[in-house]
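Student: Sharing a structure with you now.
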Amino acid sequence: MRRKLIFLLVLLCGVVAGFAQTSDKSLKEALDLLTKEKKTRFIFERTVVEGLRVKYNWSEVKDKKAQDVLNELLSQVGLYSLSVGNNYFAIKKSKKPAENESTNPAATKILIGVRQDSARMAVTKGATILSGVVRERDTRKPVEGATIQVLPYGLYAITDKNGMFSIKETPVARLRISVSGLSMIPEDRDINLENYNERFQAFNLTTHALGLKEVVVVAKENKYGSTSSTISRTAIEHLQATSISDVLQLLPGGLANNPNLNDVNRVSIRQVNPSLLGSLGTSIMVNGSPFSNNANMQVSNTSTGGANAGFATSSGGGADLRQFSADNIESIEVIRGVPSAEYGDLTSGALLIKTKAGVEPLKLTARVNPRITQFYGSKGFAVDKKGGALRADLDYTRSFNDQRFEYQGYHRITAGLMHTKKFGTRKPFTTTTGFTYSMNLDEQKLDPDDKRYQIVTKAQDYNYRFNSNGKWELGKKFARQLEYNVSVNYAEQKGFQQELYSGAIYPLSYAMENVTLEGQFVPSEYLSKVWIDGKPLNIFAKITNSFIHRGNWLTHRVLMGAEWKTDKNTGAGKTYDLSKPPRMQSGNGSRPRSYSDIPALNQLSFFAEDLMLANVFGKRMSLQAGIRFDNIQPDGIWTSKKNTVAAPRLNWSYEILPGFNMRAGWGITAKAPSLLYLYPQNAYFDLINYNRYSSVPNESLVYITTRVFNTENDNLKVMKTNKKELGFDWNIDKKKRLTVTAYHEKTTNGYAFANSFNSVKIVPLELYKAISLPPGQKPVVNTNTDSFVNFVADYNMPLNFIDVTNRGIEFDLDMGRFDAIRTTFVLNGAIMQTESATTDYTISKRQNAGQDPDRIAVFDKGRGKKEERFSSTLRIIHNIPEFRLVISLAAQTIWWQKERNIGVDSVAIGYIARATGQFSMLSKGERDALAAAPNTPARRELVENYNPEYFKQEKWNPLWLFNLRVSKDIGKGMSFAFFANNVFSHQPLERSARYSTQYERRNIDLFFGTEVIFKF
């Protein structure tokens, strides 16, 4: 009996103790106890936990994990938690965790939380705190060094070692968060901070793009600011691009071509075909600094050949896109519309290239196709425990048009180091500093079968580039963010051309000034070798300040800054054996020239811009208004030795209906002339006073008068483009979007080398006569004969010679993913027209039997070409995330393509008389008489003979092209990719509409390639 009483007493005490431990508390008190016991932290809205009570046996807390205790507490009141760090939890009630997952499961998981009391205060002021965490999807580890950007406000943050970030003073509005982790797949998400629930979202990053439900392998149209497209690393890798030019086919209106590294690759934005002016007017920005081609002077002779050379050169235009390895690129933004005032020295648009940086596994790539063999390797690793990272990469590429003939090919080596670092937490300062080296060799070696001409050409470029950029989050009222960009680019450019000349013995002079001297003769056969060595140096520095100002109904994001550019060439220039010069052309001789005495091109710029956002009639409106001031060759802040340009720019958008936005843009852009156009080489004319050549050397004699003309154009104006566009964005639902843009762009004062009235000179030349011809001696010559003949010295000089008008309609329809068939459909294209015409007279010295004409023809302005094309590309993208497989088919259609020569009148409107140098206009009657006159030598001086077909329009039938691409991950460390262009080998033979007896084989060749990637 006693034992039973003791047992009951112990049992009663246990029950009482249990009841004492299982107490009823408010949820807030329970969380405080858990924090004290387990050192946990929580983030939640106050209203979420107010009035809620929970029960728990607190004696069991020590033996359980904090996560388990928290889950038991929250399950009693219908709440749940999300882990956002080490013992750091967010408490939510509105949605289940799965519903907060991004539709893209590879995206970065971000937690955005604000306490209710501070949130209310923030809403009153129109701002809040945006905070969160970034984690790796598979391991759930925090991602350090990920970048979070808030668009369109330009705010940013970098995650700490716990993957956490915080952005203060974020406007309470609809915005886009762009998250990019180091070597991981980025994601953009549109949110509305006016909704508290929108501040609590979860995302994960992954390195496996092919494992995503939706794989983006196309160019995405940007939502804010200028009309532009962003091409991601995933899209670049799926294309298996070997240079930037391969990537541009993804733009609306872009056409697919087979990879080609054996010719200069020029960029083309909103043009039917690439052109020298179009590439010159396109700015290529690498990590915020321009890759300038302003100091490139690799040309043979500007007075005769303009911007051309006997070897591959991009002088006079934009940078050669072959120089850039696409494997090192994280993303490319292509600005086609009205750019921000921040970007200058451009007319067509800009390529904003962001290279890879940060920690990433060792990656090895091998790529092979019938023309190109490429090997690439990269590795990024942490330098220290404070967030520093260093990335190194190396690329080797070789290309032959025909692998059977390896004497003509292209070789590229690029190597780079990129260091990233974050300093501080309260006012963080992040910086990225890099050094890159590249070697580009385009050569044609001696063809063993070319005994007659022995042609050899070579173009070597060795580039050394340092650049550094950084952001400092000051958080001041009128200095929210300071940003700097500095770059120094030095290159050694070596051009070489060789040719065997034979069959002509002609006089030669070495004179560099106006003088008459006894000359000499070139050999009847000699091997001419010309070296052109340039050493361009490009220096760039920019600093910007941005801040946000919120009014009662209008929010301003203000950007202002200044920049300095210097372009200089210190190379030896053009050199050769003076006794073995390049071939003379119509008396216009060649001379060596050093580049070191050419002045530097300096540009000082200021810009300011205000992005205004407001709700007008309950709909969102934005207006980006800015102005840029460029001072070319400044001798003061506002004064210049050459030119100054003020360039205003506007971009406007308004949400007419939910999901439907109208857009408009207008602006002026300007491109300064490069050194080649500012400081061309002089024109040298070697004119023969007396010439007697004998097989007996001592009996030969030649007198040569050299006349030198300065070909610089002091009146050269700055090339400008007036850009206008109107369009709309229609978000049909969350997955579908249609973008349409109509544009009109007129470029004036386009640069070109051509003849003008100032470059046609009448030179009186005295003709000497022999007095006697003594055997074995030089002739005795009378040098005072008073016998003269007028020589017409005409040469090229830089002119504002061309106007170009681009107009058209671009469209991009993203139909989203159809989950039932795991396929995405994207259709884009453009109707575009390019019209170019001369703005000055065309002057033509039409020789008769090698003799100067009595009249130098002057033809009217307006000669040019009009090109039109309507093309579209339907991309069908099928992906199976479970297999990490993506297959895409691009169906490209050229619906029509037209071309016509315009403004060409075969009869001159006037002439310059050789006898007097005077210009005379022809009357209509005189011109009609010339048109009807017989084809005599006198008529041929002023009339050009064209085939009647020359004036017809060339028009081609619709053309289809199908390209296939496959990308597959094999395990965690290996990937395989394959592509085939023109898979059906469709190459129709079509007759020309202009020349009825000519046929053309259309479409690119059947072409294929493969690549293998290893990651360790």
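Going through the structure tokens in order, the chains are called A, B, and so on, while each chain numbers its residues from 1 and the ligands are numbered from 1 in the order shown.
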Can you tell me which residues surround range 948-952 of chain A at a distance of at most 10 Å, considering only C-alpha atoms, apart from same-chain residues fewer than 3 positions away, and format the answer as a PyMOL selection string?

Tutor: chain A and resi 899-904+945+955+993-996

Student: Quick one: DSSP strand (DSSP E or B) residues in range 369-579 of chain A, as an NGL selection string?

Tutor: :A and (372-382 or 389-400 or 408-423 or 429-444 or 456-476 or 479-502 or 507-508 or 515-518 or 520-521 or 525-534 or 536-550 or 554-569 or 573-576)

Student: Write out as a ChimeraX atom specification each polymer residue whose atoms come within 9 Å of His208 in chain A, counting only C-alpha atoms; drop sequence neighbours fewer than 6 positions from it.

Tutor: /A:106,184-185,884,969,972

Student: For Gln271 in chain A, which residue out of A:Ser871, A:Asn848, A:Ser292, A:Thr805 is the nearest one, using only C-alpha atoms?

Tutor: A:Thr805

Student: How close does each residue of range 702-791 of chain A get to range 272-284 of chain A, giving the shortest atom pair and distance in Å to one decimal for every residue with an atom at most 9 Å away, counting only C-alpha atoms, sorted by chain and residue number, as a Markdown table?

Tutor:
```
| residue | atom | partner | partner_atom | distance |
| --- | --- | --- | --- | --- |
| A:Met719 | CA | A:Gly281 | CA | 8.7 |
| A:Gly750 | CA | A:Leu277 | CA | 6.9 |
| A:Tyr751 | CA | A:Leu277 | CA | 7.2 |
| A:Ala752 | CA | A:Leu277 | CA | 8.5 |
```

Student: Create the file for the chosen residues now, containing N, CA and C atoms and written as a CSV table (one decimal), in the first residue's frame.

Tutor:
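The new file out_27.csv reads:
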```
chain,number,residue,atom,x,y,z
A,719,MET,N,30.2,64.5,-86.7
A,719,MET,CA,29.1,63.7,-87.1
A,719,MET,C,28.0,63.6,-86.1
A,750,GLY,N,28.5,62.8,-92.1
A,750,GLY,CA,29.3,61.6,-92.1
A,750,GLY,C,30.7,61.7,-92.7
A,751,TYR,N,31.7,61.1,-92.1
A,751,TYR,CA,33.0,61.2,-92.5
A,751,TYR,C,33.4,60.3,-93.7
A,752,ALA,N,34.2,60.8,-94.6
A,752,ALA,CA,34.6,60.0,-95.7
A,752,ALA,C,35.8,60.7,-96.4
```
